[in-house]
>>> print(open('run_24.cif').read())   # mmCIF, C-alpha atoms and all ligand atoms
data_my_file
loop_
_atom_site.label_atom_id
_atom_site.label_comp_id
_atom_site.auth_asym_id
_atom_site.auth_seq_id
_atom_site.Cartn_x
_atom_site.Cartn_y
_atom_site.Cartn_z
CA MET A 1 -18.53 4.81 6.01
CA LYS A 2 -19.26 4.98 2.29
CA ILE A 3 -16.80 5.12 -0.58
CA LYS A 4 -16.01 8.74 -1.39
CA ASN A 5 -18.37 10.23 -4.00
CA ILE A 6 -20.35 7.03 -4.54
CA GLU A 7 -23.65 8.64 -3.45
CA LYS A 8 -22.95 11.63 -5.65
CA ALA A 9 -22.24 9.37 -8.64
CA ALA A 10 -25.41 7.36 -8.01
CA LYS A 11 -27.54 10.53 -7.92
CA ARG A 12 -25.99 11.88 -11.10
CA ILE A 13 -26.55 8.59 -12.93
CA ILE A 14 -30.18 8.40 -11.77
CA LYS A 15 -30.74 11.93 -13.03
CA ALA A 16 -29.16 11.14 -16.40
CA ALA A 17 -31.23 7.98 -16.78
CA GLU A 18 -34.49 9.68 -15.82
CA GLN A 19 -33.87 12.58 -18.15
CA LYS A 20 -32.91 10.22 -20.99
CA GLU A 21 -29.52 11.87 -21.31
CA THR A 22 -27.08 10.08 -23.60
CA ILE A 23 -24.98 7.89 -21.32
CA ILE A 24 -21.73 6.46 -22.63
CA ILE A 25 -20.42 3.61 -20.54
CA TYR A 26 -16.76 3.22 -21.34
CA GLY A 27 -15.17 0.12 -19.88
CA ASP A 28 -11.83 -1.60 -20.08
CA SER A 29 -11.90 -4.62 -22.37
CA ASP A 30 -10.97 -7.30 -19.83
CA LEU A 31 -13.47 -9.36 -17.91
CA ASP A 32 -13.48 -7.01 -14.91
CA GLY A 33 -14.26 -4.06 -17.17
CA ILE A 34 -16.88 -5.91 -19.20
CA SER A 35 -18.72 -7.24 -16.15
CA SER A 36 -18.69 -3.73 -14.68
CA MET A 37 -20.31 -2.47 -17.88
CA VAL A 38 -22.98 -5.16 -17.81
CA ILE A 39 -23.90 -4.41 -14.19
CA LEU A 40 -24.14 -0.68 -14.82
CA LYS A 41 -26.19 -1.14 -18.01
CA GLU A 42 -28.66 -3.49 -16.28
CA THR A 43 -28.85 -1.14 -13.32
CA ILE A 44 -29.79 1.76 -15.59
CA ASP A 45 -32.31 -0.48 -17.41
CA ASN A 46 -33.95 -1.06 -14.05
CA ILE A 47 -34.58 2.62 -13.38
CA SER A 48 -35.33 3.73 -16.92
CA LYS A 49 -36.43 1.17 -19.46
CA PHE A 50 -36.02 3.31 -22.56
CA ASN A 51 -32.65 4.82 -21.85
CA ASN A 52 -29.96 6.16 -24.13
CA VAL A 53 -27.04 4.01 -23.10
CA PHE A 54 -24.11 3.29 -25.41
CA ALA A 55 -21.32 1.02 -24.24
CA PHE A 56 -17.86 1.13 -25.74
CA SER A 57 -14.47 -0.41 -25.06
CA PRO A 58 -11.05 0.56 -26.40
CA VAL A 59 -9.89 -1.36 -29.45
CA ARG A 60 -6.49 -2.95 -29.12
CA ASN A 61 -4.37 -0.43 -31.00
CA GLU A 62 -5.82 2.42 -28.93
CA GLY A 63 -4.24 1.10 -25.77
CA HIS A 64 -5.60 1.09 -22.27
CA GLY A 65 -8.08 3.64 -20.89
CA LEU A 66 -9.70 6.62 -22.53
CA SER A 67 -7.66 7.73 -25.54
CA PHE A 68 -8.07 10.70 -27.87
CA GLN A 69 -8.91 8.22 -30.65
CA THR A 70 -11.77 6.71 -28.65
CA LEU A 71 -12.88 10.17 -27.68
CA ASP A 72 -13.15 11.06 -31.37
CA PHE A 73 -15.15 7.91 -31.87
CA ILE A 74 -17.49 8.84 -29.00
CA LYS A 75 -17.89 12.34 -30.45
CA SER A 76 -18.91 10.80 -33.77
CA LYS A 77 -21.78 9.09 -31.90
CA ALA A 78 -22.91 11.86 -29.54
CA ASN A 79 -22.48 15.62 -29.14
CA SER A 80 -22.92 15.63 -25.42
CA GLY A 81 -23.98 13.45 -22.53
CA LEU A 82 -22.52 11.63 -19.60
CA ILE A 83 -19.39 9.51 -20.03
CA ILE A 84 -18.83 6.94 -17.29
CA THR A 85 -15.43 5.23 -17.35
CA LEU A 86 -15.26 1.82 -15.69
CA ASP A 87 -12.02 0.04 -14.74
CA CYS A 88 -10.07 2.83 -16.45
CA GLY A 89 -9.90 6.62 -16.58
CA ILE A 90 -8.07 7.41 -13.34
CA THR A 91 -4.91 8.46 -15.20
CA ASN A 92 -6.55 10.01 -18.30
CA PHE A 93 -6.04 13.66 -17.31
CA GLU A 94 -5.78 15.20 -20.79
CA GLU A 95 -8.47 13.05 -22.37
CA ILE A 96 -10.99 13.82 -19.63
CA LYS A 97 -10.20 17.52 -19.84
CA GLU A 98 -10.86 17.37 -23.57
CA ALA A 99 -14.13 15.44 -23.05
CA LYS A 100 -15.31 18.10 -20.59
CA GLU A 101 -14.35 20.92 -22.94
CA SER A 102 -16.30 19.18 -25.71
CA GLY A 103 -19.46 19.34 -23.61
CA PHE A 104 -19.56 15.96 -21.86
CA SER A 105 -19.93 15.28 -18.17
CA VAL A 106 -17.52 12.64 -16.92
CA ILE A 107 -17.71 10.19 -14.03
CA VAL A 108 -14.68 7.99 -13.34
CA ILE A 109 -15.31 4.67 -11.56
CA ASP A 110 -11.90 3.06 -11.24
CA HIS A 111 -10.35 0.70 -8.71
CA HIS A 112 -6.80 1.39 -9.92
CA ARG A 113 -4.40 3.42 -7.82
CA PRO A 114 -4.38 7.10 -8.87
CA LEU A 115 -1.17 9.02 -9.50
CA GLU A 116 -0.46 12.10 -7.37
CA ASN A 117 -3.83 13.62 -8.36
CA VAL A 118 -7.03 12.45 -9.99
CA PRO A 119 -8.36 13.84 -13.31
CA GLU A 120 -10.73 16.80 -13.27
CA ALA A 121 -13.81 14.72 -13.93
CA ASP A 122 -17.17 15.79 -12.49
CA ILE A 123 -17.11 12.87 -10.07
CA VAL A 124 -14.32 10.41 -9.27
CA VAL A 125 -15.11 7.19 -7.42
CA ALA A 126 -11.83 5.45 -6.61
CA PRO A 127 -11.31 3.91 -3.18
CA LYS A 128 -7.56 4.49 -3.50
CA GLN A 129 -7.86 8.25 -4.00
CA LYS A 130 -6.90 10.75 -1.32
CA GLY A 131 -9.68 11.56 1.09
CA ASP A 132 -11.43 8.23 0.71
CA GLU A 133 -11.71 7.08 4.30
CA THR A 134 -13.02 3.57 3.73
CA THR A 135 -10.70 0.88 5.06
CA PHE A 136 -11.08 -1.85 2.42
CA LYS A 137 -9.50 -0.74 -0.87
CA GLU A 138 -9.06 -3.97 -2.78
CA TYR A 139 -12.30 -4.23 -4.72
CA ALA A 140 -12.22 -5.36 -8.31
CA ASN A 141 -13.84 -2.74 -10.50
CA VAL A 142 -16.84 -5.01 -10.81
CA GLY A 143 -17.16 -5.05 -7.00
CA LEU A 144 -17.00 -1.27 -6.96
CA THR A 145 -19.66 -1.12 -9.66
CA PHE A 146 -21.81 -3.54 -7.66
CA LYS A 147 -21.61 -1.13 -4.72
CA LEU A 148 -22.62 1.69 -7.04
CA ALA A 149 -25.53 -0.39 -8.37
CA LYS A 150 -26.76 -0.93 -4.81
CA GLU A 151 -26.51 2.80 -4.19
CA ILE A 152 -28.50 3.53 -7.36
CA LEU A 153 -31.20 0.87 -6.97
CA LYS A 154 -31.45 0.63 -3.16
CA GLU A 155 -34.65 -1.35 -2.41
CA LYS A 156 -35.34 -1.71 -6.14
CA MET A 157 -32.52 -4.28 -6.30
CA SER A 158 -34.39 -7.60 -6.29
CA PRO A 159 -32.67 -10.62 -4.67
CA MET A 160 -32.59 -12.25 -8.10
CA LEU A 161 -30.88 -9.29 -9.74
CA GLU A 162 -28.43 -9.05 -6.86
CA GLN A 163 -27.56 -12.73 -7.20
CA SER A 164 -27.08 -12.35 -10.94
CA PHE A 165 -24.74 -9.38 -10.32
CA LEU A 166 -22.83 -11.38 -7.70
CA GLU A 167 -22.00 -14.05 -10.27
CA LEU A 168 -20.34 -11.38 -12.40
CA VAL A 169 -18.63 -9.89 -9.35
CA ALA A 170 -17.18 -13.32 -8.53
CA LEU A 171 -15.88 -13.82 -12.08
CA GLY A 172 -14.36 -10.33 -12.36
CA THR A 173 -12.83 -10.35 -8.88
CA ILE A 174 -11.13 -13.70 -9.47
CA SER A 175 -9.98 -12.85 -12.98
CA ASP A 176 -8.46 -9.54 -11.78
CA MET A 177 -6.65 -11.51 -9.05
CA MET A 178 -7.92 -9.31 -6.22
CA ILE A 179 -7.29 -10.58 -2.71
CA GLU A 180 -9.98 -12.88 -1.37
CA GLU A 181 -10.68 -11.09 1.87
CA GLY A 182 -13.58 -9.14 3.33
CA GLU A 183 -16.38 -8.38 0.91
CA ASN A 184 -14.41 -9.86 -2.01
CA LYS A 185 -14.40 -13.23 -0.25
CA GLU A 186 -18.08 -12.99 0.65
CA TRP A 187 -19.09 -12.01 -2.90
CA ILE A 188 -17.01 -14.73 -4.54
CA GLU A 189 -18.58 -17.37 -2.31
CA LYS A 190 -22.12 -16.12 -2.92
CA GLY A 191 -21.60 -15.64 -6.66
CA LEU A 192 -20.09 -19.06 -7.27
CA GLU A 193 -22.93 -20.74 -5.36
CA SER A 194 -25.44 -20.08 -8.14
CA ILE A 195 -23.22 -19.66 -11.16
CA GLN A 196 -23.75 -23.09 -12.69
CA MET A 197 -27.53 -22.57 -12.56
CA SER A 198 -27.32 -18.92 -13.55
CA GLN A 199 -30.41 -17.06 -14.71
CA ARG A 200 -28.18 -15.30 -17.23
CA PRO A 201 -28.55 -17.10 -20.61
CA ALA A 202 -24.91 -16.47 -21.57
CA ILE A 203 -23.51 -18.04 -18.41
CA ARG A 204 -26.00 -20.91 -18.55
CA ALA A 205 -25.00 -21.49 -22.19
CA ILE A 206 -21.31 -21.69 -21.29
CA PHE A 207 -22.02 -24.26 -18.58
CA SER A 208 -24.22 -26.29 -20.91
CA ILE A 209 -21.16 -26.77 -23.15
CA LEU A 210 -18.33 -27.03 -20.64
CA ASN A 211 -18.60 -30.30 -18.79
CA PRO A 212 -18.52 -29.60 -15.02
CA MET A 213 -16.99 -33.07 -14.57
CA ASN A 214 -13.84 -31.65 -16.13
CA PHE A 215 -13.39 -28.89 -13.56
CA SER A 216 -10.62 -29.76 -11.14
CA SER A 217 -11.67 -26.96 -8.75
CA LYS A 218 -13.84 -23.84 -8.53
CA ARG A 219 -10.87 -21.81 -9.57
CA ASP A 220 -10.38 -24.00 -12.62
CA MET A 221 -14.05 -23.59 -13.48
CA VAL A 222 -13.79 -19.81 -13.27
CA SER A 223 -10.66 -19.78 -15.39
CA LYS A 224 -12.43 -21.78 -18.11
CA VAL A 225 -15.41 -19.44 -18.12
CA ASN A 226 -13.04 -16.48 -18.12
CA SER A 227 -11.02 -17.73 -21.04
CA ALA A 228 -14.20 -18.32 -23.06
CA LEU A 229 -15.34 -14.74 -22.36
CA ASN A 230 -11.88 -13.34 -22.93
CA SER A 231 -11.60 -14.81 -26.41
CA SER A 232 -14.44 -12.57 -27.54
CA SER A 233 -13.46 -9.73 -29.89
CA ILE A 234 -14.26 -6.04 -30.14
CA ASP A 235 -16.03 -4.72 -33.21
CA GLY A 236 -16.48 -0.99 -33.76
CA HIS A 237 -15.67 -0.37 -30.08
CA ILE A 238 -18.45 -2.72 -29.00
CA HIS A 239 -17.18 -5.69 -27.05
CA LYS A 240 -18.88 -8.92 -28.09
CA ALA A 241 -18.61 -10.37 -24.59
CA TYR A 242 -20.63 -7.39 -23.38
CA LEU A 243 -23.44 -8.13 -25.84
CA PHE A 244 -23.16 -11.84 -25.08
CA LEU A 245 -23.59 -11.33 -21.32
CA LEU A 246 -26.65 -9.15 -21.98
CA GLU A 247 -28.22 -11.61 -24.44
CA SER A 248 -31.72 -12.59 -23.31
CA ASP A 249 -32.30 -15.39 -25.84
CA PHE A 250 -30.77 -18.69 -24.72
CA ASP A 251 -30.46 -20.17 -28.23
CA LYS A 252 -28.59 -17.15 -29.51
CA ALA A 253 -26.39 -17.20 -26.41
CA LEU A 254 -25.66 -20.88 -27.04
CA GLU A 255 -24.47 -20.17 -30.60
CA THR A 256 -22.09 -17.49 -29.37
CA ALA A 257 -20.94 -19.66 -26.48
CA LYS A 258 -19.98 -22.45 -28.90
CA ASP A 259 -17.86 -20.06 -30.97
CA LEU A 260 -16.20 -18.55 -27.91
CA ILE A 261 -15.31 -21.91 -26.40
CA GLU A 262 -13.87 -23.11 -29.69
CA GLU A 263 -11.74 -19.98 -29.95
CA SER A 264 -10.64 -20.34 -26.37
CA ASN A 265 -9.60 -23.97 -26.96
CA THR A 266 -7.47 -22.85 -29.90
CA LYS A 267 -5.98 -20.15 -27.75
CA GLN A 268 -5.19 -22.60 -24.92
CA LYS A 269 -3.30 -24.82 -27.37
CA GLU A 270 -1.30 -21.93 -28.80
CA VAL A 271 -0.55 -20.58 -25.33
CA ALA A 272 0.73 -24.01 -24.26
CA LEU A 273 2.95 -24.25 -27.35
CA LEU A 274 4.44 -20.80 -26.93
CA THR A 275 4.98 -21.39 -23.20
CA GLU A 276 6.85 -24.61 -23.88
CA GLU A 277 8.97 -22.95 -26.55
CA LEU A 278 9.91 -20.11 -24.20
CA ILE A 279 10.61 -22.40 -21.25
CA GLU A 280 13.11 -24.27 -23.40
CA LYS A 281 14.78 -21.05 -24.53
CA ILE A 282 14.84 -19.36 -21.10
CA SER A 283 16.07 -22.44 -19.23
CA LYS A 284 19.39 -21.97 -21.02
CA GLU A 285 19.73 -18.39 -19.82
CA ASP A 286 20.41 -17.08 -16.35
CA SER A 287 18.90 -13.67 -15.87
CA SER A 288 17.10 -11.89 -13.03
CA ILE A 289 14.10 -11.21 -15.27
CA ILE A 290 12.45 -12.72 -18.33
CA PHE A 291 12.23 -10.14 -21.08
CA GLU A 292 11.19 -11.38 -24.53
CA GLY A 293 9.41 -10.00 -27.59
CA SER A 294 8.49 -10.86 -31.14
CA TYR A 295 6.73 -9.46 -34.20
CA VAL A 296 4.84 -12.70 -34.81
CA TRP A 297 3.30 -13.32 -31.39
CA LYS A 298 -0.38 -12.67 -30.88
CA GLY A 299 -0.71 -9.89 -28.30
CA GLU A 300 -3.83 -11.41 -26.78
CA TYR A 301 -1.98 -14.59 -25.78
CA LEU A 302 0.86 -12.93 -23.94
CA GLY A 303 -0.89 -12.39 -20.60
CA ALA A 304 -1.59 -16.10 -20.26
CA VAL A 305 1.92 -17.08 -21.35
CA ALA A 306 3.53 -14.54 -19.00
CA SER A 307 1.51 -15.87 -16.03
CA ARG A 308 2.66 -19.42 -16.72
CA LEU A 309 6.30 -18.39 -17.14
CA SER A 310 6.25 -16.33 -13.97
CA ASN A 311 4.87 -19.30 -12.01
CA TYR A 312 7.35 -21.69 -13.57
CA PHE A 313 10.53 -19.63 -13.10
CA ASP A 314 9.39 -17.53 -10.13
CA LYS A 315 10.80 -14.44 -11.87
CA PRO A 316 9.38 -11.16 -13.17
CA VAL A 317 8.17 -11.65 -16.75
CA PHE A 318 7.94 -9.00 -19.46
CA LEU A 319 6.60 -10.18 -22.84
CA TYR A 320 5.87 -7.83 -25.69
CA LYS A 321 4.34 -7.91 -29.13
CA LYS A 322 6.67 -5.95 -31.34
CA GLY A 323 4.93 -3.45 -33.60
CA GLU A 324 6.28 -1.35 -36.43
CA LYS A 325 7.34 1.56 -34.19
CA ILE A 326 5.81 0.78 -30.84
CA SER A 327 5.73 -2.42 -28.84
CA ARG A 328 3.00 -3.42 -26.45
CA GLY A 329 3.87 -5.55 -23.47
CA THR A 330 2.38 -7.45 -20.62
CA VAL A 331 3.96 -8.04 -17.21
CA ARG A 332 3.49 -10.71 -14.55
CA MET A 333 5.21 -10.78 -11.17
CA PRO A 334 5.89 -13.46 -8.58
CA LYS A 335 4.24 -12.89 -5.21
CA GLY A 336 5.60 -9.93 -3.29
CA MET A 337 7.02 -8.04 -6.29
CA ASP A 338 5.44 -4.95 -7.80
CA ALA A 339 5.24 -4.53 -11.60
CA VAL A 340 4.07 -0.93 -11.39
CA LYS A 341 6.89 0.15 -9.05
CA ALA A 342 9.44 -1.58 -11.26
CA MET A 343 8.21 0.22 -14.37
CA ASP A 344 7.88 3.49 -12.51
CA SER A 345 11.65 3.36 -11.95
CA CYS A 346 12.07 3.29 -15.78
CA LYS A 347 9.15 5.49 -16.72
CA GLU A 348 11.15 7.98 -18.81
CA LEU A 349 11.71 5.11 -21.28
CA LEU A 350 8.03 4.22 -21.60
CA ILE A 351 5.12 5.71 -23.50
CA THR A 352 2.50 4.33 -21.12
CA PHE A 353 2.42 1.83 -18.27
CA GLY A 354 -0.10 0.80 -15.66
CA GLY A 355 -1.92 -1.98 -13.89
CA HIS A 356 -1.51 -3.69 -10.55
CA ALA A 357 1.42 -5.11 -8.60
CA PRO A 358 1.07 -8.71 -9.91
CA ALA A 359 -0.12 -7.91 -13.45
CA ALA A 360 0.45 -4.85 -15.60
CA GLY A 361 1.16 -3.60 -19.10
CA PHE A 362 3.27 -1.09 -21.00
CA THR A 363 3.87 0.50 -24.38
CA VAL A 364 7.37 1.41 -25.43
CA ASP A 365 9.00 2.95 -28.49
CA ASN A 366 11.08 0.27 -30.23
CA SER A 367 14.17 2.46 -29.96
CA ASN A 368 13.92 2.24 -26.13
CA ILE A 369 13.36 -1.50 -25.74
CA ASN A 370 16.97 -2.41 -24.95
CA LYS A 371 17.35 0.47 -22.53
CA PHE A 372 14.12 -0.55 -20.83
CA GLU A 373 15.38 -4.10 -20.39
CA LYS A 374 18.65 -2.84 -18.87
CA CYS A 375 16.81 -0.47 -16.58
CA LEU A 376 14.59 -3.29 -15.32
CA LYS A 377 17.57 -5.55 -14.72
CA ASN A 378 19.18 -2.76 -12.73
CA TYR A 379 16.04 -2.40 -10.68
CA PHE A 380 15.70 -6.12 -9.91
CA GLU A 381 19.38 -6.73 -9.29
CA LYS A 382 19.62 -3.94 -6.72
MN MN B 401 -9.82 -4.22 -13.18
#
>>> encode(input="run_24.cif", output="structure tokens", more="lines below")
Ligand SMILES: [Mn+2]
Amino acid sequence: MKIKNIEKAAKRIIKAAEQKETIIIYGDSDLDGISSMVILKETIDNISKFNNVFAFSPVRNEGHGLSFQTLDFIKSKANSGLIITLDCGITNFEEIKEAKESGFSVIVIDHHRPLENVPEADIVVAPKQKGDETTFKEYANVGLTFKLAKEILKEKMSPMLEQSFLELVALGTISDMMIEEGENKEWIEKGLESIQMSQRPAIRAIFSILNPMNFSSKRDMVSKVNSALNSSSIDGHIHKAYLFLLESDFDKALETAKDLIEESNTKQKEVALLTEELIEKISKEDSSIIFEGSYVWKGEYLGAVASRLSNYFDKPVFLYKKGEKISRGTVRMPKGMDAVKAMDSCKELLITFGGHAPAAGFTVDNSNINKFEKCLKNYFEK
């Protein structure tokens, strides 16, 4: 049994590549999204060397998924073509409608759970959509993209390329915290086997700087690689980690790797400081949830801080970076609790929300922050 629409998507992508159509790969800006983009780009390179692929990610103030702002940006680059969303898109009904009306074809490749319906894209590949009869649904997006790559390349997928993809699948699957069962487990094992001797210059460069003696476990190793890649920035909708992972020159990759690891070390220190500060503050309170925000925090640190706090206190954690009118938050849950369900019970107070049970995000108008906090407390104290 194949994932619903995956063959159809593969055929459409092959056609676009062969006919040199403009292809816009649009991926979420976390490691799962970026590795998905790299796999799809290299897959297309393998069937059509001189292709017309652009790869974009949302910039921070545009929020998660395909936004009207990003769509305007895409339209400034191309009049038509095929947009492929990776690790996002499944809830972008209006934006996808607009993209179609503007003359683009749209394929959604997204492992997130759809709402009641899926957007009216040309093709939707989402194991959690209705009518998908496959039994395993817990792929990271990078795993789903790997499946798509196999469907596109078939026997053209060399063992070396497959192994190189598996390293990315392992990184993305672990960093998205997907369950380590079935194919996920198999891919993680296979990918981690070769990762320290990777053929990919970027990954080899990272390991030439990080001292493997300092890894306390495989998981620790992956988290160090992840945090180096995650400290990369986005410039003009082009994610630097995407370019880094595609870099073919080892010396250039090494330069970038040095910068990224330095940034990630700075980040680790600041995350540790902020975590300590919050632990001290929160220890004095007694509440069912942790709900904190500030104008001065760096939004990109909050995921890491929230994870640590949630582990430490074993409580739901909501941290937000306060903006002028809107605040942007990140959520982490102890095992067995569901961030998306919790926010769904307060959705009339939110502008956007989404993610997975253990880790999610939201945007909220500042005037609703207090009400949102109360609503969440109600939900968790039930
Ligand atoms: Mn993902």
>>> closest_residue(input="run_24.cif", among="A:Thr70, A:Ser57, A:Asn366, A:Asn141", to="ligand MN 401 (chain B)", atoms="all atoms listed in the file")
A:Asn141
>>> closest_atom_pairs(input="run_24.cif", of="stretch 225-332 of chain A", to="stretch 192-216 of chain A", cutoff="6 Å", atoms="all atoms listed in the file", output="JSON lines")
{"residue": "A:Leu245", "atom": "CA", "partner": "A:Ala202", "partner_atom": "CA", "distance": 5.3}
{"residue": "A:Phe250", "atom": "CA", "partner": "A:Pro201", "partner_atom": "CA", "distance": 4.9}
{"residue": "A:Ala253", "atom": "CA", "partner": "A:Ala202", "partner_atom": "CA", "distance": 5.1}
{"residue": "A:Leu254", "atom": "CA", "partner": "A:Ala205", "partner_atom": "CA", "distance": 4.9}
{"residue": "A:Ala257", "atom": "CA", "partner": "A:Ile206", "partner_atom": "CA", "distance": 5.6}
>>> atom_distance(input="run_24.cif", atom1="atom CA of A:Lys185", atom2="atom CA of A:Val169")
10.6 Å
>>> residues_near_ligand(input="run_24.cif", ligand="ligand MN 401 (chain B)", cutoff="8 Å", atoms="only C-alpha atoms and all ligand atoms", output="list in words")
Asp28, Asp30, Leu31, Asp32, Gly33, Asp87, Cys88, Asp110, His111, His112, Ala140, Asn141, Val142, Gly172 and Asp176 of chain A
>>> atom_distance(input="run_24.cif", atom1="atom CA of A:Lys97", atom2="atom CA of A:Ser67")
11.6 Å
>>> atom_distance(input="run_24.cif", atom1="atom CA of A:Pro159", atom2="atom CA of A:Lys190")
12.0 Å
>>> closest_residue(input="run_24.cif", among="A:Glu381, A:Glu42, A:Asp72, A:Asp235", to="A:Ile25", atoms="only C-alpha atoms")
A:Glu42
>>> residues_around(input="run_24.cif", residues="A:Glu262", least_positions_apart="3", cutoff="12 Å", atoms="only C-alpha atoms", output="number ranges by chain")
A: 206, 209-210, 224, 227-229, 231-232, 255-259, 265-269
>>> residues_around(input="run_24.cif", residues="stretch 238-243 of chain A", least_positions_apart="3", cutoff="8 Å", atoms="all atoms listed in the file", output="list in words")
Ser29, Ile34, Ser35, Met37, Val38, Ala55, Phe56, Ser57, Leu229, Asn230, Ser232, Ser233, Ile234, Asp235, Leu246 and Glu247 of chain A
>>> residues_around(input="run_24.cif", residues="A:Met178", least_positions_apart="2", cutoff="7 Å", atoms="all atoms listed in the file", output="JSON, numbers by chain")
{"A": [138, 139, 140, 173, 174, 176, 180]}
